[in-house]
Amino acid sequence: MPYNESQDEMIKNVSDPSVASILSTDALKVYNIPRYQREYTWGQRDWANLYDDVFDNDPGYFLGSIIVIQGEIDPKTNIVEFEVIDGQQRLTTISLLLAALYARINEHPDAIDEDMQLDDIRPLRNRLVLKSNKGMTRVVPQVQNHNQDDYRWILKEHVGLAVVMQRPKYHGVRKMSKAFEYFYDRLGEEIAGMGDDDAVRTLLDKSRALYSAVLVQINVDSHADAYTLFASLNNRGVPLSAVDLIKNTLLAKVADADGDELDYYFEQWQEVLSNLGDDYATQERFFRQNYDAFRRDVNRPFVQEGGAQLPLGSVATRSNLLKIYEMRIGQNPGALGVLDELIGNSAIYSQIIGVDREGMDAELVRQLVEIARAQGVPSYLMLLYLMKKRSDLDLDDSLIAGIAALLVRFFVRRNVTDTPPTRDLERLFISICEGIEDERIEGVDVARYIKRRLVDVSSSDATFKERLEGPIYDVNPDMTRYILTVLAEPSVTKEMKGLWERYPSGNYVWTIEHVFPQGENIPASWVDMIGGGDKAKAREIQAAYVHTLGNLTITGYNSKLSNMPFVEKRDRKDSNGANVGYRNELNLNDDLVSVDSWTKEQIEARTEKLVKLALKAFTFDDIEF
């Protein structure tokens, strides 16, 4: 968007352009990054660019701008809060660089006299922590992905933020921590070998260079003004995503229609994102599937006589997504109509993806959980269509749950056999939605139609069986895990941890275990057992059987078992005497606990047994409508 004079009217004022003025030591200003903003995403290239730009150039280097909405002054504290609409990555990174400077300087206390403490050191801290409230940071990151906790911990540990808190779990692996460590290490390299006095002098010079850098603060009155300015400002930062740009286009258009109500519409947009959760990939997928599920209705206002029936595109892709929504926003009923649609449809999508399932039918929820585990995300567009039109199609929870159960079986078979291929899935579900309209069917006939369409394109039982008998783990370890958990679920007791529980790190508690180890260096005990002492034969058997179902189980102690001899794996106990080997009471291990050795023939027999169970678990035949 080229600059125009109307943009002058949007800008309430522009502050003195420097880091020193924005993070002023005396002003009671706090910069709050709201929850709806993306998490901190800058990486090492961005950190290096900022560091080099500031310190390799003359004082006053231009770092860009931030756009803020100024709040009211708190009458009790006199603090004024600025909502950061754009520039949060840059502002946060600058403050982390200041924190690293403060930390490095204070490692040389013998070189800091009282005057330096008053004139230089405390003012540096006051650019990060309010002088009048030592427990409040000037920059307040948003909470997503522990951003705020990580930032506050850094300032507590290195700057003296007066808060009581524990170190956030996995703090060191996230970007906020890594950014601070990057700057801390770079500064350490700069002063390596210097005496205390020279080191402090060098670090203070760098602090002054950073203070002098030009960072323009643009104050606007409303979110719409801020979003309209986005396109015309040449800021360095993470590029705006398609969802960001749809938001900007929509809110700017709403402002034209009804400027007085803009903040209300902004809150409605936030409701859409709240329904979808914080994951950007999920948000983008919703916008694509929201078009694909209802593409006929969406395209009708754009169809010209004799022209294409889908002028906006046959499917929504990353490359055409913004164009689709820009055209829709510009067409009657325009922005307000699109926003209303997004609110309603995102609420349904929220149920599908599990962000908000309060009050839903228990069986439907159970089947939706299983679809996600079975990697059935492409079907969400059809589920969105069915749940949106459930009244018109006379669908109740029981029918939709049955369709969901059908989808679980479809995706297990599809993901094992790659039939139909991935590229065809989106169009398949679009075609089913439109076929329901063309056939003018309702109720149970909708479910029967969907079953017929899915069975028609699925692999045969013979093909499914053939793939189940092969090296399934090597082809699709995630689907292998899903199949094993389904087979093991009946034996899970209340005393056991659930098969889908995760550690705080995100890793599953229960993982796949290869009975005969999969490593290249086969342990001697296994060469003797499975290869009769012949290493070449053992490798041959490993190559053919190690990734088949018969050689796989699930255990919560994979790392403790690994290459142990078979009997030790079977009988392993923890320090409390609990069975942590194959005697863990899962039915999958029934064939393992009753033998003292493990051979090729036993792998073959167990594979045959598990394949039969899988064929039964994922058959279409037991789903009747």
# chains A, B, ... in the order shown; residues from 1 in each chain; ligands from 1
>>> residues_around(residues="stretch 595-599 of chain A", least_positions_apart="5", cutoff="10 Å", atoms="only C-alpha atoms", output="JSON, numbers by chain")
{"A": [515, 516, 526, 529, 530, 531, 532, 541, 551, 565, 566, 567, 568, 570, 590, 604, 605]}
>>> residues_around(residues="A:Val298", least_positions_apart="4", cutoff="8 Å", atoms="only C-alpha atoms", output="NGL selection string")
:A and (291 or 294 or 328)
>>> write_last_selection(atoms="N, CA, C and O atoms", output="mmCIF file, in the first residue's frame")
data_model
loop_
_atom_site.group_PDB
_atom_site.id
_atom_site.type_symbol
_atom_site.label_atom_id
_atom_site.label_comp_id
_atom_site.auth_asym_id
_atom_site.auth_seq_id
_atom_site.Cartn_x
_atom_site.Cartn_y
_atom_site.Cartn_z
ATOM 1 N N TYR A 291 -13.054 -22.319 3.344
ATOM 2 C CA TYR A 291 -13.405 -22.041 1.939
ATOM 3 C C TYR A 291 -13.770 -23.332 1.216
ATOM 4 O O TYR A 291 -14.804 -23.418 0.543
ATOM 5 N N PHE A 294 -17.278 -24.934 1.723
ATOM 6 C CA PHE A 294 -18.476 -24.193 1.268
ATOM 7 C C PHE A 294 -18.188 -23.415 -0.021
ATOM 8 O O PHE A 294 -18.750 -22.365 -0.251
ATOM 9 N N ARG A 328 -13.693 -11.684 -1.096
ATOM 10 C CA ARG A 328 -14.923 -11.869 -0.350
ATOM 11 C C ARG A 328 -15.231 -10.657 0.528
ATOM 12 O O ARG A 328 -16.382 -10.231 0.639
#
>>> residues_around(residues="stretch 584-587 of chain A", least_positions_apart="2", cutoff="12 Å", atoms="only C-alpha atoms", output="PDB file with N, CA and C atoms, in the first residue's frame")
ATOM      1  N   LEU A 484      -0.940 -50.011  17.445  1.00  0.00           N
ATOM      2  CA  LEU A 484      -0.570 -50.754  18.648  1.00  0.00           C
ATOM      3  C   LEU A 484      -1.340 -50.265  19.872  1.00  0.00           C
ATOM      4  N   THR A 485      -1.546 -48.958  19.978  1.00  0.00           N
ATOM      5  CA  THR A 485      -2.300 -48.450  21.131  1.00  0.00           C
ATOM      6  C   THR A 485      -3.761 -48.884  21.085  1.00  0.00           C
ATOM      7  N   VAL A 486      -4.344 -48.931  19.894  1.00  0.00           N
ATOM      8  CA  VAL A 486      -5.726 -49.398  19.773  1.00  0.00           C
ATOM      9  C   VAL A 486      -5.823 -50.860  20.199  1.00  0.00           C
ATOM     10  N   LEU A 487      -4.852 -51.656  19.786  1.00  0.00           N
ATOM     11  CA  LEU A 487      -4.876 -53.070  20.158  1.00  0.00           C
ATOM     12  C   LEU A 487      -4.615 -53.267  21.645  1.00  0.00           C
ATOM     13  N   ALA A 488      -3.828 -52.361  22.245  1.00  0.00           N
ATOM     14  CA  ALA A 488      -3.477 -52.505  23.662  1.00  0.00           C
ATOM     15  C   ALA A 488      -4.501 -51.892  24.601  1.00  0.00           C
ATOM     16  N   GLU A 489      -5.323 -51.003  24.118  1.00  0.00           N
ATOM     17  CA  GLU A 489      -6.227 -50.231  24.976  1.00  0.00           C
ATOM     18  C   GLU A 489      -7.085 -51.092  25.897  1.00  0.00           C
ATOM     19  N   PRO A 490      -7.632 -52.222  25.440  1.00  0.00           N
ATOM     20  CA  PRO A 490      -8.490 -53.020  26.342  1.00  0.00           C
ATOM     21  C   PRO A 490      -7.784 -53.505  27.604  1.00  0.00           C
ATOM     22  N   SER A 491      -6.449 -53.576  27.588  1.00  0.00           N
ATOM     23  CA  SER A 491      -5.732 -54.108  28.752  1.00  0.00           C
ATOM     24  C   SER A 491      -5.225 -53.019  29.689  1.00  0.00           C
ATOM     25  N   VAL A 492      -5.469 -51.764  29.365  1.00  0.00           N
ATOM     26  CA  VAL A 492      -4.999 -50.668  30.209  1.00  0.00           C
ATOM     27  C   VAL A 492      -5.900 -50.554  31.436  1.00  0.00           C
ATOM     28  N   THR A 493      -5.303 -50.515  32.606  1.00  0.00           N
ATOM     29  CA  THR A 493      -6.063 -50.412  33.847  1.00  0.00           C
ATOM     30  C   THR A 493      -6.008 -48.981  34.376  1.00  0.00           C
ATOM     31  N   GLU A 495      -4.814 -48.037  37.078  1.00  0.00           N
ATOM     32  CA  GLU A 495      -3.549 -47.791  37.760  1.00  0.00           C
ATOM     33  C   GLU A 495      -2.433 -47.396  36.797  1.00  0.00           C
ATOM     34  N   MET A 496      -2.617 -47.718  35.508  1.00  0.00           N
ATOM     35  CA  MET A 496      -1.591 -47.402  34.499  1.00  0.00           C
ATOM     36  C   MET A 496      -1.745 -45.972  33.999  1.00  0.00           C
ATOM     37  N   LYS A 497      -0.671 -45.431  33.516  1.00  0.00           N
ATOM     38  CA  LYS A 497      -0.752 -44.159  32.812  1.00  0.00           C
ATOM     39  C   LYS A 497      -1.398 -44.397  31.451  1.00  0.00           C
ATOM     40  N   GLY A 498      -2.188 -43.437  30.983  1.00  0.00           N
ATOM     41  CA  GLY A 498      -2.845 -43.582  29.692  1.00  0.00           C
ATOM     42  C   GLY A 498      -1.831 -43.714  28.560  1.00  0.00           C
ATOM     43  N   LEU A 499      -2.226 -44.442  27.526  1.00  0.00           N
ATOM     44  CA  LEU A 499      -1.312 -44.700  26.413  1.00  0.00           C
ATOM     45  C   LEU A 499      -0.974 -43.439  25.620  1.00  0.00           C
ATOM     46  N   TRP A 510       4.461 -43.628  26.848  1.00  0.00           N
ATOM     47  CA  TRP A 510       4.576 -44.961  26.244  1.00  0.00           C
ATOM     48  C   TRP A 510       5.129 -44.796  24.832  1.00  0.00           C
ATOM     49  N   THR A 553       6.267 -53.652  20.250  1.00  0.00           N
ATOM     50  CA  THR A 553       5.303 -53.504  21.341  1.00  0.00           C
ATOM     51  C   THR A 553       5.384 -52.062  21.819  1.00  0.00           C
ATOM     52  N   ILE A 554       4.669 -51.743  22.875  1.00  0.00           N
ATOM     53  CA  ILE A 554       4.791 -50.399  23.452  1.00  0.00           C
ATOM     54  C   ILE A 554       5.133 -50.530  24.920  1.00  0.00           C
ATOM     55  N   THR A 555       6.010 -49.677  25.367  1.00  0.00           N
ATOM     56  CA  THR A 555       6.477 -49.709  26.742  1.00  0.00           C
ATOM     57  C   THR A 555       6.786 -48.302  27.194  1.00  0.00           C
ATOM     58  N   GLY A 556       6.698 -48.091  28.482  1.00  0.00           N
ATOM     59  CA  GLY A 556       7.048 -46.793  29.024  1.00  0.00           C
ATOM     60  C   GLY A 556       8.516 -46.682  29.381  1.00  0.00           C
ATOM     61  N   TYR A 557       9.294 -47.697  29.065  1.00  0.00           N
ATOM     62  CA  TYR A 557      10.689 -47.733  29.515  1.00  0.00           C
ATOM     63  C   TYR A 557      11.617 -48.121  28.372  1.00  0.00           C
ATOM     64  N   LYS A 569      14.973 -57.917  29.241  1.00  0.00           N
ATOM     65  CA  LYS A 569      13.881 -57.032  28.809  1.00  0.00           C
ATOM     66  C   LYS A 569      12.552 -57.514  29.387  1.00  0.00           C
ATOM     67  N   ARG A 570      12.360 -58.795  29.308  1.00  0.00           N
ATOM     68  CA  ARG A 570      11.093 -59.376  29.771  1.00  0.00           C
ATOM     69  C   ARG A 570      10.892 -59.169  31.265  1.00  0.00           C
ATOM     70  N   ASP A 571      11.939 -59.364  32.044  1.00  0.00           N
ATOM     71  CA  ASP A 571      11.807 -59.408  33.496  1.00  0.00           C
ATOM     72  C   ASP A 571      12.256 -58.137  34.204  1.00  0.00           C
ATOM     73  N   ARG A 572      12.570 -57.106  33.489  1.00  0.00           N
ATOM     74  CA  ARG A 572      13.089 -55.865  34.080  1.00  0.00           C
ATOM     75  C   ARG A 572      12.127 -55.296  35.129  1.00  0.00           C
ATOM     76  N   LYS A 573      12.678 -54.926  36.278  1.00  0.00           N
ATOM     77  CA  LYS A 573      11.909 -54.254  37.335  1.00  0.00           C
ATOM     78  C   LYS A 573      12.600 -52.941  37.692  1.00  0.00           C
ATOM     79  N   ASP A 574      11.814 -51.997  38.220  1.00  0.00           N
ATOM     80  CA  ASP A 574      12.427 -50.757  38.670  1.00  0.00           C
ATOM     81  C   ASP A 574      12.847 -50.885  40.131  1.00  0.00           C
ATOM     82  N   GLY A 577      10.466 -52.407  42.539  1.00  0.00           N
ATOM     83  CA  GLY A 577      10.013 -53.767  42.300  1.00  0.00           C
ATOM     84  C   GLY A 577       8.888 -53.888  41.302  1.00  0.00           C
ATOM     85  N   ALA A 578       8.511 -52.783  40.666  1.00  0.00           N
ATOM     86  CA  ALA A 578       7.432 -52.811  39.668  1.00  0.00           C
ATOM     87  C   ALA A 578       7.971 -53.322  38.341  1.00  0.00           C
ATOM     88  N   ASN A 579       7.157 -54.108  37.645  1.00  0.00           N
ATOM     89  CA  ASN A 579       7.558 -54.618  36.344  1.00  0.00           C
ATOM     90  C   ASN A 579       7.590 -53.487  35.316  1.00  0.00           C
ATOM     91  N   VAL A 580       8.761 -53.279  34.742  1.00  0.00           N
ATOM     92  CA  VAL A 580       8.890 -52.236  33.714  1.00  0.00           C
ATOM     93  C   VAL A 580       9.313 -52.843  32.382  1.00  0.00           C
ATOM     94  N   GLY A 581       9.440 -54.168  32.352  1.00  0.00           N
ATOM     95  CA  GLY A 581       9.732 -54.860  31.102  1.00  0.00           C
ATOM     96  C   GLY A 581       8.449 -55.323  30.450  1.00  0.00           C
ATOM     97  N   TYR A 582       8.517 -56.484  29.809  1.00  0.00           N
ATOM     98  CA  TYR A 582       7.347 -56.965  29.070  1.00  0.00           C
ATOM     99  C   TYR A 582       6.252 -57.515  29.987  1.00  0.00           C
ATOM    100  N   ASN A 589       1.883 -57.929  25.105  1.00  0.00           N
ATOM    101  CA  ASN A 589       3.070 -58.660  25.537  1.00  0.00           C
ATOM    102  C   ASN A 589       2.781 -60.096  25.996  1.00  0.00           C
ATOM    103  N   ASP A 590       1.548 -60.543  25.789  1.00  0.00           N
ATOM    104  CA  ASP A 590       1.199 -61.901  26.215  1.00  0.00           C
ATOM    105  C   ASP A 590       2.135 -62.937  25.593  1.00  0.00           C
ATOM    106  N   ASP A 591       2.493 -62.753  24.335  1.00  0.00           N
ATOM    107  CA  ASP A 591       3.350 -63.722  23.651  1.00  0.00           C
ATOM    108  C   ASP A 591       4.809 -63.590  24.057  1.00  0.00           C
ATOM    109  N   LEU A 592       5.154 -62.505  24.728  1.00  0.00           N
ATOM    110  CA  LEU A 592       6.546 -62.261  25.099  1.00  0.00           C
ATOM    111  C   LEU A 592       6.867 -62.761  26.506  1.00  0.00           C
ATOM    112  N   VAL A 593       5.877 -62.733  27.385  1.00  0.00           N
ATOM    113  CA  VAL A 593       6.151 -63.087  28.785  1.00  0.00           C
ATOM    114  C   VAL A 593       6.180 -64.599  29.008  1.00  0.00           C
ATOM    115  N   LEU A 610      -1.214 -60.263  15.228  1.00  0.00           N
ATOM    116  CA  LEU A 610      -1.531 -58.841  15.349  1.00  0.00           C
ATOM    117  C   LEU A 610      -2.182 -58.301  14.075  1.00  0.00           C
ATOM    118  N   LEU A 613      -5.821 -59.066  14.266  1.00  0.00           N
ATOM    119  CA  LEU A 613      -6.492 -58.156  15.195  1.00  0.00           C
ATOM    120  C   LEU A 613      -6.672 -56.770  14.578  1.00  0.00           C
TER     121      LEU A 613
END
>>> select_by_dssp(residues="stretch 458-492 of chain A", states="helix (DSSP H, G or I)", output="list in words")
Asp461, Ala462, Thr463, Phe464, Lys465, Glu466, Arg467, Leu468, Glu469, Ile472, Tyr473, Asp474, Val475, Pro477, Asp478, Met479, Thr480, Arg481, Tyr482, Ile483, Leu484, Thr485, Val486, Leu487, Ala488, Glu489, Pro490 and Ser491 of chain A
>>> closest_residue(among="A:Val54, A:Arg285, A:Ala462, A:Leu155", to="A:Arg208", atoms="only C-alpha atoms")
A:Val54
>>> residues_around(residues="A:Ala374", least_positions_apart="4", cutoff="8 Å", atoms="only C-alpha atoms", output="MDAnalysis selection string")
chainID A and resid 370 408 411:412 479 482
>>> write_last_selection(atoms="N, CA and C atoms", output="PDB file, in the first residue's frame")
ATOM      1  N   GLU A 370     -10.051 -39.658  18.300  1.00  0.00           N
ATOM      2  CA  GLU A 370      -9.444 -40.744  17.534  1.00  0.00           C
ATOM      3  C   GLU A 370      -9.095 -40.303  16.111  1.00  0.00           C
ATOM      4  N   VAL A 408     -12.105 -42.728  11.116  1.00  0.00           N
ATOM      5  CA  VAL A 408     -10.937 -43.304  11.786  1.00  0.00           C
ATOM      6  C   VAL A 408     -10.440 -44.516  11.013  1.00  0.00           C
ATOM      7  N   PHE A 411      -8.844 -43.531   7.652  1.00  0.00           N
ATOM      8  CA  PHE A 411      -7.513 -42.936   7.694  1.00  0.00           C
ATOM      9  C   PHE A 411      -6.442 -43.923   8.139  1.00  0.00           C
ATOM     10  N   VAL A 412      -6.765 -44.850   9.003  1.00  0.00           N
ATOM     11  CA  VAL A 412      -5.778 -45.871   9.347  1.00  0.00           C
ATOM     12  C   VAL A 412      -5.402 -46.660   8.096  1.00  0.00           C
ATOM     13  N   MET A 479       1.654 -44.062  12.591  1.00  0.00           N
ATOM     14  CA  MET A 479       0.479 -44.912  12.414  1.00  0.00           C
ATOM     15  C   MET A 479       0.688 -46.264  13.072  1.00  0.00           C
ATOM     16  N   TYR A 482      -0.211 -45.825  16.583  1.00  0.00           N
ATOM     17  CA  TYR A 482      -1.660 -45.738  16.765  1.00  0.00           C
ATOM     18  C   TYR A 482      -2.292 -47.128  16.741  1.00  0.00           C
TER      19      TYR A 482
END
>>> residues_around(residues="stretch 416-419 of chain A", least_positions_apart="4", cutoff="7 Å", atoms="only C-alpha atoms", output="ChimeraX atom specification")
/A:412,458-459,464,467
>>> write_last_selection(atoms="all heavy atoms", output="PDB file, in the first residue's frame")
ATOM      1  N   VAL A 412      -6.765 -44.850   9.003  1.00  0.00           N
ATOM      2  CA  VAL A 412      -5.778 -45.871   9.347  1.00  0.00           C
ATOM      3  C   VAL A 412      -5.402 -46.660   8.096  1.00  0.00           C
ATOM      4  O   VAL A 412      -4.211 -46.860   7.793  1.00  0.00           O
ATOM      5  CB  VAL A 412      -6.304 -46.815  10.442  1.00  0.00           C
ATOM      6  CG1 VAL A 412      -5.368 -48.009  10.622  1.00  0.00           C
ATOM      7  CG2 VAL A 412      -6.445 -46.067  11.757  1.00  0.00           C
ATOM      8  N   SER A 458     -10.994 -46.638  -0.942  1.00  0.00           N
ATOM      9  CA  SER A 458     -10.031 -47.231  -0.014  1.00  0.00           C
ATOM     10  C   SER A 458      -9.383 -48.470  -0.613  1.00  0.00           C
ATOM     11  O   SER A 458      -9.900 -49.081  -1.549  1.00  0.00           O
ATOM     12  CB  SER A 458     -10.711 -47.600   1.298  1.00  0.00           C
ATOM     13  OG  SER A 458     -11.118 -46.451   1.995  1.00  0.00           O
ATOM     14  N   SER A 459      -8.270 -48.855  -0.039  1.00  0.00           N
ATOM     15  CA  SER A 459      -7.597 -50.075  -0.480  1.00  0.00           C
ATOM     16  C   SER A 459      -8.427 -51.290  -0.075  1.00  0.00           C
ATOM     17  O   SER A 459      -9.243 -51.239   0.847  1.00  0.00           O
ATOM     18  CB  SER A 459      -6.214 -50.164   0.160  1.00  0.00           C
ATOM     19  OG  SER A 459      -6.335 -50.256   1.571  1.00  0.00           O
ATOM     20  N   PHE A 464      -4.450 -53.930   2.372  1.00  0.00           N
ATOM     21  CA  PHE A 464      -4.249 -53.489   3.750  1.00  0.00           C
ATOM     22  C   PHE A 464      -3.493 -54.549   4.540  1.00  0.00           C
ATOM     23  O   PHE A 464      -2.533 -54.262   5.265  1.00  0.00           O
ATOM     24  CB  PHE A 464      -5.611 -53.194   4.381  1.00  0.00           C
ATOM     25  CG  PHE A 464      -5.569 -52.609   5.765  1.00  0.00           C
ATOM     26  CD1 PHE A 464      -4.613 -51.670   6.123  1.00  0.00           C
ATOM     27  CD2 PHE A 464      -6.490 -53.013   6.723  1.00  0.00           C
ATOM     28  CE1 PHE A 464      -4.581 -51.134   7.404  1.00  0.00           C
ATOM     29  CE2 PHE A 464      -6.473 -52.477   8.007  1.00  0.00           C
ATOM     30  CZ  PHE A 464      -5.514 -51.546   8.343  1.00  0.00           C
ATOM     31  N   ARG A 467       0.237 -54.690   3.597  1.00  0.00           N
ATOM     32  CA  ARG A 467       1.042 -53.618   4.189  1.00  0.00           C
ATOM     33  C   ARG A 467       1.222 -53.825   5.692  1.00  0.00           C
ATOM     34  O   ARG A 467       2.285 -53.525   6.243  1.00  0.00           O
ATOM     35  CB  ARG A 467       0.371 -52.263   3.926  1.00  0.00           C
ATOM     36  CG  ARG A 467       0.304 -51.889   2.455  1.00  0.00           C
ATOM     37  CD  ARG A 467       1.686 -51.721   1.845  1.00  0.00           C
ATOM     38  NE  ARG A 467       1.622 -51.388   0.439  1.00  0.00           N
ATOM     39  CZ  ARG A 467       1.537 -50.154  -0.046  1.00  0.00           C
ATOM     40  NH1 ARG A 467       1.509 -49.130   0.811  1.00  0.00           N
ATOM     41  NH2 ARG A 467       1.466 -49.944  -1.335  1.00  0.00           N
TER      42      ARG A 467
END
>>> atom_distance(atom1="atom CA of A:Ala252", atom2="atom CA of A:Tyr385")
28.9 Å
>>> residues_around(residues="stretch 165-177 of chain A", least_positions_apart="6", cutoff="9 Å", atoms="only C-alpha atoms", output="PyMOL selection string")
chain A and resi 40-43+92-93+96+145-147+149-154+156+504-505
>>> residues_around(residues="A:Leu310", least_positions_apart="5", cutoff="12 Å", atoms="only C-alpha atoms", output="PyMOL selection string")
chain A and resi 291-292+294-304+315-316+324
>>> write_last_selection(atoms="all heavy atoms", output="compact mmCIF listing (two decimals), in the first residue's frame")
# COMPACT_ATOMS: atom_id res chain seq x y z
N TYR A 291 -13.05 -22.32 3.34
CA TYR A 291 -13.40 -22.04 1.94
C TYR A 291 -13.77 -23.33 1.22
O TYR A 291 -14.80 -23.42 0.54
CB TYR A 291 -12.24 -21.36 1.22
CG TYR A 291 -12.45 -21.26 -0.28
CD1 TYR A 291 -13.29 -20.28 -0.80
CD2 TYR A 291 -11.83 -22.15 -1.15
CE1 TYR A 291 -13.50 -20.18 -2.17
CE2 TYR A 291 -12.04 -22.06 -2.52
CZ TYR A 291 -12.88 -21.08 -3.03
OH TYR A 291 -13.09 -21.00 -4.38
N ASP A 292 -12.92 -24.36 1.36
CA ASP A 292 -13.13 -25.60 0.60
C ASP A 292 -14.47 -26.25 0.93
O ASP A 292 -15.14 -26.80 0.04
CB ASP A 292 -12.00 -26.59 0.91
CG ASP A 292 -10.65 -26.12 0.38
OD1 ASP A 292 -10.63 -25.27 -0.52
OD2 ASP A 292 -9.62 -26.61 0.87
N PHE A 294 -17.28 -24.93 1.72
CA PHE A 294 -18.48 -24.19 1.27
C PHE A 294 -18.19 -23.42 -0.02
O PHE A 294 -18.75 -22.36 -0.25
CB PHE A 294 -18.93 -23.23 2.38
CG PHE A 294 -19.10 -23.88 3.71
CD1 PHE A 294 -18.16 -23.72 4.72
CD2 PHE A 294 -20.19 -24.70 3.96
CE1 PHE A 294 -18.31 -24.32 5.96
CE2 PHE A 294 -20.35 -25.32 5.20
CZ PHE A 294 -19.41 -25.13 6.19
N ARG A 295 -17.30 -23.95 -0.87
CA ARG A 295 -16.81 -23.18 -2.00
C ARG A 295 -17.91 -22.82 -2.99
O ARG A 295 -17.85 -21.75 -3.62
CB ARG A 295 -15.69 -23.94 -2.71
CG ARG A 295 -16.12 -25.25 -3.35
CD ARG A 295 -14.99 -25.93 -4.10
NE ARG A 295 -15.51 -27.05 -4.88
CZ ARG A 295 -14.80 -27.77 -5.72
NH1 ARG A 295 -13.52 -27.50 -5.89
NH2 ARG A 295 -15.35 -28.78 -6.41
N ARG A 296 -18.91 -23.66 -3.16
CA ARG A 296 -20.00 -23.33 -4.09
C ARG A 296 -20.73 -22.07 -3.63
O ARG A 296 -20.94 -21.13 -4.41
CB ARG A 296 -20.98 -24.49 -4.20
CG ARG A 296 -20.53 -25.61 -5.11
CD ARG A 296 -21.64 -26.66 -5.16
NE ARG A 296 -21.35 -27.72 -6.12
CZ ARG A 296 -22.10 -28.80 -6.28
NH1 ARG A 296 -23.19 -28.95 -5.52
NH2 ARG A 296 -21.79 -29.71 -7.17
N ASP A 297 -21.13 -22.05 -2.37
CA ASP A 297 -21.86 -20.89 -1.84
C ASP A 297 -20.99 -19.64 -1.90
O ASP A 297 -21.47 -18.55 -2.23
CB ASP A 297 -22.27 -21.15 -0.39
CG ASP A 297 -23.33 -22.24 -0.28
OD1 ASP A 297 -24.00 -22.53 -1.30
OD2 ASP A 297 -23.48 -22.80 0.82
N VAL A 298 -19.72 -19.80 -1.58
CA VAL A 298 -18.81 -18.66 -1.53
C VAL A 298 -18.61 -18.06 -2.93
O VAL A 298 -18.50 -16.84 -3.09
CB VAL A 298 -17.45 -19.09 -0.93
CG1 VAL A 298 -16.40 -18.01 -1.13
CG2 VAL A 298 -17.61 -19.41 0.55
N ASN A 299 -18.59 -18.91 -3.94
CA ASN A 299 -18.29 -18.44 -5.30
C ASN A 299 -19.49 -17.86 -6.04
O ASN A 299 -19.31 -17.15 -7.04
CB ASN A 299 -17.70 -19.58 -6.13
CG ASN A 299 -16.20 -19.72 -5.94
OD1 ASN A 299 -15.41 -19.04 -6.59
ND2 ASN A 299 -15.81 -20.60 -5.02
N ARG A 300 -20.70 -18.15 -5.58
CA ARG A 300 -21.89 -17.74 -6.34
C ARG A 300 -21.92 -16.25 -6.65
O ARG A 300 -22.27 -15.86 -7.78
CB ARG A 300 -23.15 -18.17 -5.59
CG ARG A 300 -23.45 -19.65 -5.73
CD ARG A 300 -24.85 -20.03 -5.30
NE ARG A 300 -25.05 -21.46 -5.46
CZ ARG A 300 -24.95 -22.35 -4.49
NH1 ARG A 300 -24.66 -21.94 -3.25
NH2 ARG A 300 -25.11 -23.64 -4.72
N PRO A 301 -21.58 -15.37 -5.71
CA PRO A 301 -21.65 -13.93 -6.06
C PRO A 301 -20.65 -13.51 -7.12
O PRO A 301 -20.80 -12.43 -7.71
CB PRO A 301 -21.32 -13.24 -4.71
CG PRO A 301 -21.60 -14.27 -3.66
CD PRO A 301 -21.27 -15.57 -4.28
N PHE A 302 -19.66 -14.35 -7.41
CA PHE A 302 -18.61 -13.98 -8.35
C PHE A 302 -18.77 -14.63 -9.72
O PHE A 302 -18.02 -14.32 -10.64
CB PHE A 302 -17.25 -14.36 -7.77
CG PHE A 302 -16.94 -13.71 -6.45
CD1 PHE A 302 -17.25 -14.33 -5.25
CD2 PHE A 302 -16.36 -12.44 -6.41
CE1 PHE A 302 -16.98 -13.73 -4.04
CE2 PHE A 302 -16.08 -11.83 -5.19
CZ PHE A 302 -16.40 -12.47 -4.01
N VAL A 303 -19.73 -15.54 -9.84
CA VAL A 303 -19.91 -16.26 -11.11
C VAL A 303 -20.60 -15.35 -12.13
O VAL A 303 -21.63 -14.73 -11.84
CB VAL A 303 -20.74 -17.53 -10.90
CG1 VAL A 303 -21.03 -18.21 -12.23
CG2 VAL A 303 -20.02 -18.49 -9.97
N GLN A 304 -19.98 -15.25 -13.30
CA GLN A 304 -20.56 -14.46 -14.39
C GLN A 304 -21.13 -15.41 -15.43
O GLN A 304 -20.68 -16.55 -15.56
CB GLN A 304 -19.51 -13.55 -15.01
CG GLN A 304 -18.95 -12.52 -14.03
CD GLN A 304 -17.91 -11.62 -14.66
OE1 GLN A 304 -17.53 -11.80 -15.81
NE2 GLN A 304 -17.45 -10.64 -13.89
N VAL A 315 -9.64 -24.90 -5.04
CA VAL A 315 -9.33 -25.16 -3.63
C VAL A 315 -8.53 -23.98 -3.10
O VAL A 315 -7.90 -23.24 -3.86
CB VAL A 315 -8.52 -26.46 -3.43
CG1 VAL A 315 -9.33 -27.67 -3.83
CG2 VAL A 315 -7.20 -26.42 -4.17
N ALA A 316 -8.57 -23.80 -1.79
CA ALA A 316 -7.78 -22.75 -1.15
C ALA A 316 -6.38 -23.29 -0.88
O ALA A 316 -6.23 -24.37 -0.32
CB ALA A 316 -8.43 -22.29 0.14
N ILE A 324 -8.52 -14.91 -1.99
CA ILE A 324 -9.90 -15.37 -1.80
C ILE A 324 -10.62 -14.50 -0.78
O ILE A 324 -11.73 -14.02 -1.02
CB ILE A 324 -9.91 -16.85 -1.36
CG1 ILE A 324 -9.53 -17.77 -2.52
CG2 ILE A 324 -11.29 -17.24 -0.80
CD1 ILE A 324 -9.33 -19.21 -2.11
